[in-house]
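Undergrad: Attaching a single structure in structure tokens format; questions to follow.
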Amino acid sequence: MNPDAVKLIERLKDTGTLSPEEWVFLISGEDDELASFAAEGALKIRRQYFGNKVYVRGLIEFSNCCRNDCYYCGIRRSNKNAQRYRLNEEDILSCCREGYELGFRTFVLQSGEDPYFTDDKICRIVDRIKKAHPDCALTLSIGEKSRASYQAYFDAGAERYLLRHETADPVHYSLLHPAELSSENRKRCLYDLKDIGYQTGAGFMVGSPYQSAEQLAEDMIFLSELKPQMVGIGPFIPHKDTPFCDKPQGSLKQTLFMLSLIRLMLPDVLLPATTALGTIHPKGRELGILSGANVVMPNLSPVAVRKKYELYDNKICTGEESAECRTCLDKRIESIGYEIVTDRGDHPDFGR
Ligand code: SAM
Ligand code: FES
């Protein structure tokens, strides 16, 4: 193992950051031995903060209509083959009811940027879910909004918000998105969300087109500055009806290595082993947990619409009922010596 890379991992643990050049050196020095060393360190820290607990979030994909046209995304507005759907308020509430029965205490409402769901509608849905399930946490993941909108959702009862920054490098950002979207606004949103008081999640795709160690280094530095409570990363996976249909998918090993480095840098962060990771490898989510992740986010959307929220090809768990997904995940997590708990799973700084 390269002794300089080992030293950097030790320093990352102690100081929580590295210089851009050091990040590039560490990220491009990935090999099996170094990855195992990083994972070992990450698991030690993870155990210290969270024991063998894995938190579970019920994901409700309530609309796949989107006004944006991100080049990587299967539900982008230019994809004429996507069959669009919207769940109504009652559908969403019934997903939550079912999730509650199954032991979920966090619901994540995710959608494309769908103008049909005005701020009033979102606030009403948030309010109804919080009244029906006051002991549950509510996370939104509905894209870039004004600060006033974020404040309104927060006042209505939403406590967490997921908005991946996608890439911290503005030039790279412009290669993944049309000109009307900017890295600057995405970052502004994240700082607004944190400032309002949300438990905030940023993140990026590993292996997105045109990404190299330099961009990943910038991502890590951005995370070290923002200090989000949650970080969502997963491999880029091409979708057949997008401009990136022929681009190679992100690597399993690099995603696992980045998970370990994130755990080492942000020891108490909430870090999911994502569905995308489970899509590129049959044991992807288990391997994610064994690299430092501590959250899983199974799908609670009605089976009738699941296939339609296809961000990338071959997405897993689109045919199973919520209860089946829950049982399957429980078993998978148990098989590696961890335990899914019925808990809101707040960030330690927001403990109640
Ligand atoms: N509209 C919201 C937003 O922009 O944050 C939430 C939905 S968006 C589809 C959720 C995440 O899916 C994105 O942040 C992106 O990182 C991820 N994603 C989209 N297309 C993907 C792909 N082809 N491979 C892997 N992840 C993808
Ligand atoms: Fe809007 Fe992907 S382009 S959710």
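Identifiers in the structure tokens: chain A, B, ... in order shown; residue index from 1 per chain; ligand index from 1 in order shown.
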Taking only C-alpha atoms and all ligand atoms into account, which residues have an atom no farther than 9 Å from ligand 1? I'd like them as a PyMOL selection string.

TA: chain A and resi 61+64+66+68+70-76+110-114+140-144+162-166+202-206+208+232-239+242+244-245+249-250+276-277+309-313

Undergrad: Got time to write the residues from that selection, N, CA and C atoms, as a short mmCIF file (atom, residue, chain, number, x, y, z; two decimals), in the first residue's frame?

TA:
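Dumped to part-v7.cif:
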data_model
loop_
_atom_site.label_atom_id
_atom_site.label_comp_id
_atom_site.auth_asym_id
_atom_site.auth_seq_id
_atom_site.Cartn_x
_atom_site.Cartn_y
_atom_site.Cartn_z
N GLU A 61 -41.94 8.41 -4.62
CA GLU A 61 -41.65 9.15 -5.86
C GLU A 61 -42.98 9.63 -6.41
N ASN A 64 -43.14 12.15 -11.77
CA ASN A 64 -41.94 12.07 -12.63
C ASN A 64 -42.01 13.14 -13.72
N CYS A 66 -41.07 16.73 -15.07
CA CYS A 66 -39.96 17.61 -14.72
C CYS A 66 -39.76 18.68 -15.78
N ASN A 68 -36.99 20.30 -16.00
CA ASN A 68 -35.55 20.35 -16.29
C ASN A 68 -35.16 19.31 -17.34
N CYS A 70 -31.78 17.74 -17.49
CA CYS A 70 -30.44 17.22 -17.15
C CYS A 70 -30.08 16.09 -18.13
N TYR A 71 -28.87 16.14 -18.67
CA TYR A 71 -28.52 15.23 -19.77
C TYR A 71 -28.47 13.76 -19.34
N TYR A 72 -28.30 13.53 -18.03
CA TYR A 72 -28.11 12.16 -17.55
C TYR A 72 -29.42 11.49 -17.13
N CYS A 73 -30.49 12.26 -17.00
CA CYS A 73 -31.63 11.79 -16.22
C CYS A 73 -32.77 11.25 -17.09
N GLY A 74 -33.24 10.07 -16.75
CA GLY A 74 -34.27 9.40 -17.55
C GLY A 74 -35.62 10.09 -17.54
N ILE A 75 -35.89 10.96 -16.57
CA ILE A 75 -37.20 11.64 -16.57
C ILE A 75 -37.08 13.10 -17.01
N ARG A 76 -35.98 13.45 -17.67
CA ARG A 76 -35.80 14.81 -18.21
C ARG A 76 -36.95 15.16 -19.15
N GLN A 110 -40.05 12.56 -3.11
CA GLN A 110 -39.17 12.98 -4.20
C GLN A 110 -39.94 13.10 -5.51
N SER A 111 -39.52 14.03 -6.35
CA SER A 111 -40.17 14.20 -7.66
C SER A 111 -39.23 14.94 -8.60
N GLY A 112 -39.61 14.99 -9.87
CA GLY A 112 -38.99 15.93 -10.79
C GLY A 112 -39.40 17.33 -10.36
N GLU A 113 -38.88 18.33 -11.04
CA GLU A 113 -39.32 19.70 -10.72
C GLU A 113 -40.63 19.93 -11.47
N ASP A 114 -41.71 19.69 -10.76
CA ASP A 114 -43.04 19.64 -11.38
C ASP A 114 -43.85 20.87 -10.94
N LEU A 140 -37.95 16.34 2.00
CA LEU A 140 -38.34 16.69 0.63
C LEU A 140 -37.13 16.58 -0.28
N SER A 141 -37.39 16.20 -1.53
CA SER A 141 -36.34 16.17 -2.54
C SER A 141 -37.01 16.54 -3.85
N ILE A 142 -37.27 17.85 -3.99
CA ILE A 142 -38.08 18.31 -5.13
C ILE A 142 -37.36 19.41 -5.92
N GLY A 143 -36.07 19.50 -5.72
CA GLY A 143 -35.26 20.34 -6.60
C GLY A 143 -34.98 21.75 -6.12
N GLU A 144 -34.62 22.59 -7.09
CA GLU A 144 -34.18 23.96 -6.79
C GLU A 144 -35.38 24.89 -6.67
N LEU A 162 -33.15 16.87 0.55
CA LEU A 162 -32.07 16.26 -0.24
C LEU A 162 -31.95 16.97 -1.58
N LEU A 163 -30.77 17.49 -1.85
CA LEU A 163 -30.51 18.15 -3.13
C LEU A 163 -29.04 17.91 -3.47
N ARG A 164 -28.80 16.89 -4.26
CA ARG A 164 -27.40 16.63 -4.61
C ARG A 164 -26.82 17.83 -5.35
N HIS A 165 -25.59 18.18 -5.05
CA HIS A 165 -25.00 19.30 -5.80
C HIS A 165 -24.56 18.83 -7.19
N GLU A 166 -24.53 17.53 -7.41
CA GLU A 166 -24.22 16.84 -8.69
C GLU A 166 -22.75 16.92 -9.06
N ALA A 202 -26.44 16.84 0.47
CA ALA A 202 -25.85 17.13 -0.84
C ALA A 202 -25.36 15.80 -1.41
N GLY A 203 -24.66 15.85 -2.53
CA GLY A 203 -24.11 14.60 -3.07
C GLY A 203 -23.88 14.68 -4.56
N PHE A 204 -23.40 13.58 -5.12
CA PHE A 204 -23.00 13.57 -6.53
C PHE A 204 -23.03 12.15 -7.06
N MET A 205 -22.97 12.07 -8.38
CA MET A 205 -22.86 10.76 -9.02
C MET A 205 -21.38 10.43 -9.18
N VAL A 206 -21.05 9.18 -8.96
CA VAL A 206 -19.66 8.75 -9.17
C VAL A 206 -19.56 8.21 -10.61
N SER A 208 -19.81 10.12 -13.36
CA SER A 208 -20.63 10.84 -14.33
C SER A 208 -19.73 11.22 -15.51
N GLY A 232 -25.68 11.97 -0.35
CA GLY A 232 -26.15 10.90 -1.24
C GLY A 232 -25.22 10.76 -2.42
N ILE A 233 -24.57 9.60 -2.52
CA ILE A 233 -23.78 9.36 -3.73
C ILE A 233 -24.14 8.00 -4.29
N GLY A 234 -24.04 7.88 -5.61
CA GLY A 234 -24.28 6.59 -6.25
C GLY A 234 -23.62 6.65 -7.61
N PRO A 235 -23.44 5.48 -8.22
CA PRO A 235 -22.81 5.47 -9.53
C PRO A 235 -23.72 6.09 -10.58
N PHE A 236 -23.14 6.78 -11.55
CA PHE A 236 -23.91 7.19 -12.74
C PHE A 236 -24.25 5.92 -13.52
N ILE A 237 -25.50 5.83 -13.96
CA ILE A 237 -25.92 4.69 -14.78
C ILE A 237 -26.62 5.27 -16.01
N PRO A 238 -26.21 4.89 -17.22
CA PRO A 238 -26.83 5.51 -18.39
C PRO A 238 -28.30 5.11 -18.54
N HIS A 239 -29.06 6.00 -19.13
CA HIS A 239 -30.46 5.71 -19.47
C HIS A 239 -30.58 5.77 -20.99
N THR A 242 -31.54 9.13 -23.14
CA THR A 242 -30.90 10.41 -22.78
C THR A 242 -29.66 10.63 -23.66
N PHE A 244 -26.80 10.84 -22.77
CA PHE A 244 -25.66 10.09 -22.22
C PHE A 244 -25.87 8.57 -22.30
N CYS A 245 -26.75 8.15 -23.23
CA CYS A 245 -27.09 6.71 -23.31
C CYS A 245 -25.85 5.84 -23.54
N GLN A 249 -21.00 3.38 -17.34
CA GLN A 249 -21.52 3.57 -15.98
C GLN A 249 -20.40 3.74 -14.97
N GLY A 250 -20.73 4.36 -13.83
CA GLY A 250 -19.74 4.56 -12.78
C GLY A 250 -19.33 3.23 -12.17
N ALA A 276 -29.06 2.99 -6.76
CA ALA A 276 -28.17 2.90 -7.94
C ALA A 276 -27.03 1.92 -7.67
N LEU A 277 -26.53 1.94 -6.44
CA LEU A 277 -25.47 1.01 -6.06
C LEU A 277 -25.99 -0.44 -6.12
N TYR A 309 -40.68 5.83 -12.81
CA TYR A 309 -39.68 6.75 -12.22
C TYR A 309 -38.31 6.17 -12.53
N GLU A 310 -38.03 6.10 -13.84
CA GLU A 310 -36.82 5.41 -14.26
C GLU A 310 -35.74 6.44 -14.58
N LEU A 311 -34.90 6.70 -13.60
CA LEU A 311 -33.83 7.70 -13.78
C LEU A 311 -32.72 7.13 -14.64
N TYR A 312 -32.55 5.79 -14.56
CA TYR A 312 -31.49 5.10 -15.30
C TYR A 312 -32.02 3.71 -15.63
N ASP A 313 -31.32 3.01 -16.55
CA ASP A 313 -31.78 1.70 -16.99
C ASP A 313 -31.68 0.65 -15.88
#

Undergrad: Which of range 49-213 of chain A end up as strand (DSSP E or B) when DSSP is run on this backbone - answer as number ranges by chain?

TA: A: 53-56, 58-63, 86, 106-111, 137-141, 160-162, 166, 199-206

Undergrad: Which one of A:His177, A:Asn2, A:Asp32, A:Val56 sits closest to ligand 2 if you count only C-alpha atoms and all ligand atoms?

TA: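 Closest to ligand 2, using only C-alpha atoms and all ligand atoms: A:His177.
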
Undergrad: Distance CA of Tyr100 in chain A-CA of Gly58 in chain A, one decimal place?

TA: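 Spanning CA of Tyr100 in chain A to CA of Gly58 in chain A is a straight-line distance of 9.0 Å.
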
Undergrad: List every residue of range 43-125 of chain A that DSSP, applied to the backbone of this structure, assigns to alpha helix (DSSP H), and report them as a list in words.

TA: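 Matching residues for alpha helix (DSSP H) in range 43-125 of chain A are Leu43, Lys44, Ile45, Arg46, Arg47, Gln48, Tyr49, Phe50, Glu89, Glu90, Asp91, Ile92, Leu93, Ser94, Cys95, Cys96, Arg97, Glu98, Gly99, Tyr100, Glu101, Asp119, Asp120, Lys121, Ile122, Cys123, Arg124 and Ile125 of chain A.
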
Undergrad: Could you save the residues just selected, with N, CA and C atoms, as a tab-separated table (two decimals), in the first residue's frame?

TA:
chain	number	residue	atom	x	y	z
A	43	LEU	N	-15.53	1.95	8.88
A	43	LEU	CA	-16.43	1.11	9.69
A	43	LEU	C	-16.21	1.33	11.18
A	44	LYS	N	-14.96	1.56	11.55
A	44	LYS	CA	-14.65	1.82	12.96
A	44	LYS	C	-15.39	3.09	13.42
A	45	ILE	N	-15.29	4.13	12.60
A	45	ILE	CA	-15.94	5.40	12.95
A	45	ILE	C	-17.46	5.23	12.97
A	46	ARG	N	-17.96	4.55	11.94
A	46	ARG	CA	-19.40	4.33	11.82
A	46	ARG	C	-19.94	3.63	13.08
A	47	ARG	N	-19.18	2.60	13.53
A	47	ARG	CA	-19.59	1.82	14.70
A	47	ARG	C	-19.59	2.71	15.95
A	48	GLN	N	-18.58	3.56	16.05
A	48	GLN	CA	-18.44	4.47	17.18
A	48	GLN	C	-19.67	5.38	17.31
A	49	TYR	N	-20.15	5.87	16.18
A	49	TYR	CA	-21.27	6.83	16.21
A	49	TYR	C	-22.64	6.15	16.15
A	50	PHE	N	-22.73	5.04	15.43
A	50	PHE	CA	-24.06	4.47	15.16
A	50	PHE	C	-24.19	2.99	15.52
A	89	GLU	N	-52.91	13.57	-3.55
A	89	GLU	CA	-52.67	13.69	-2.10
A	89	GLU	C	-53.04	12.41	-1.34
A	90	GLU	N	-54.18	11.84	-1.74
A	90	GLU	CA	-54.64	10.63	-1.03
A	90	GLU	C	-53.67	9.47	-1.28
A	91	ASP	N	-53.18	9.36	-2.53
A	91	ASP	CA	-52.20	8.29	-2.83
A	91	ASP	C	-50.97	8.45	-1.94
A	92	ILE	N	-50.50	9.69	-1.84
A	92	ILE	CA	-49.27	9.94	-1.06
A	92	ILE	C	-49.51	9.58	0.40
A	93	LEU	N	-50.66	10.01	0.91
A	93	LEU	CA	-50.95	9.70	2.32
A	93	LEU	C	-51.10	8.20	2.54
A	94	SER	N	-51.65	7.52	1.56
A	94	SER	CA	-51.81	6.08	1.77
A	94	SER	C	-50.45	5.37	1.70
A	95	CYS	N	-49.50	5.89	0.89
A	95	CYS	CA	-48.13	5.33	0.92
A	95	CYS	C	-47.54	5.51	2.32
A	96	CYS	N	-47.76	6.67	2.92
A	96	CYS	CA	-47.22	6.92	4.26
A	96	CYS	C	-47.85	5.98	5.29
A	97	ARG	N	-49.17	5.80	5.18
A	97	ARG	CA	-49.86	4.90	6.13
A	97	ARG	C	-49.27	3.51	6.05
A	98	GLU	N	-49.10	3.03	4.81
A	98	GLU	CA	-48.55	1.69	4.61
A	98	GLU	C	-47.12	1.64	5.16
A	99	GLY	N	-46.36	2.68	4.88
A	99	GLY	CA	-44.98	2.75	5.36
A	99	GLY	C	-44.93	2.74	6.88
A	100	TYR	N	-45.84	3.48	7.49
A	100	TYR	CA	-45.85	3.55	8.96
A	100	TYR	C	-46.06	2.15	9.55
A	101	GLU	N	-47.03	1.43	8.97
A	101	GLU	CA	-47.31	0.06	9.43
A	101	GLU	C	-46.07	-0.83	9.30
A	119	ASP	N	-46.22	25.64	-4.28
A	119	ASP	CA	-45.82	25.68	-2.87
A	119	ASP	C	-47.01	25.38	-1.96
A	120	ASP	N	-48.18	25.91	-2.31
A	120	ASP	CA	-49.36	25.65	-1.47
A	120	ASP	C	-49.67	24.17	-1.40
A	121	LYS	N	-49.59	23.53	-2.55
A	121	LYS	CA	-49.88	22.08	-2.57
A	121	LYS	C	-48.86	21.31	-1.73
A	122	ILE	N	-47.58	21.66	-1.91
A	122	ILE	CA	-46.54	20.95	-1.14
A	122	ILE	C	-46.76	21.18	0.36
A	123	CYS	N	-47.04	22.42	0.74
A	123	CYS	CA	-47.22	22.71	2.17
A	123	CYS	C	-48.42	21.94	2.72
A	124	ARG	N	-49.46	21.82	1.92
A	124	ARG	CA	-50.65	21.09	2.37
A	124	ARG	C	-50.32	19.60	2.58
A	125	ILE	N	-49.57	19.05	1.64
A	125	ILE	CA	-49.21	17.62	1.75
A	125	ILE	C	-48.32	17.42	2.99

Undergrad: Considering only C-alpha atoms and all ligand atoms, can you say which of A:Asp69, A:Glu218, A:Glu225, A:Asp14 comes closest to ligand 2?

TA: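 The shortest atom-to-atom distance to ligand 2 comes from A:Asp69.
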
Undergrad: Could you tell me how far CA of Ile340 in chain A sits from CA of Asn88 in chain A, in Å to one decimal place?

TA: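 Value for the CA of Asn88 in chain A-CA of Ile340 in chain A distance: 29.6 Å.
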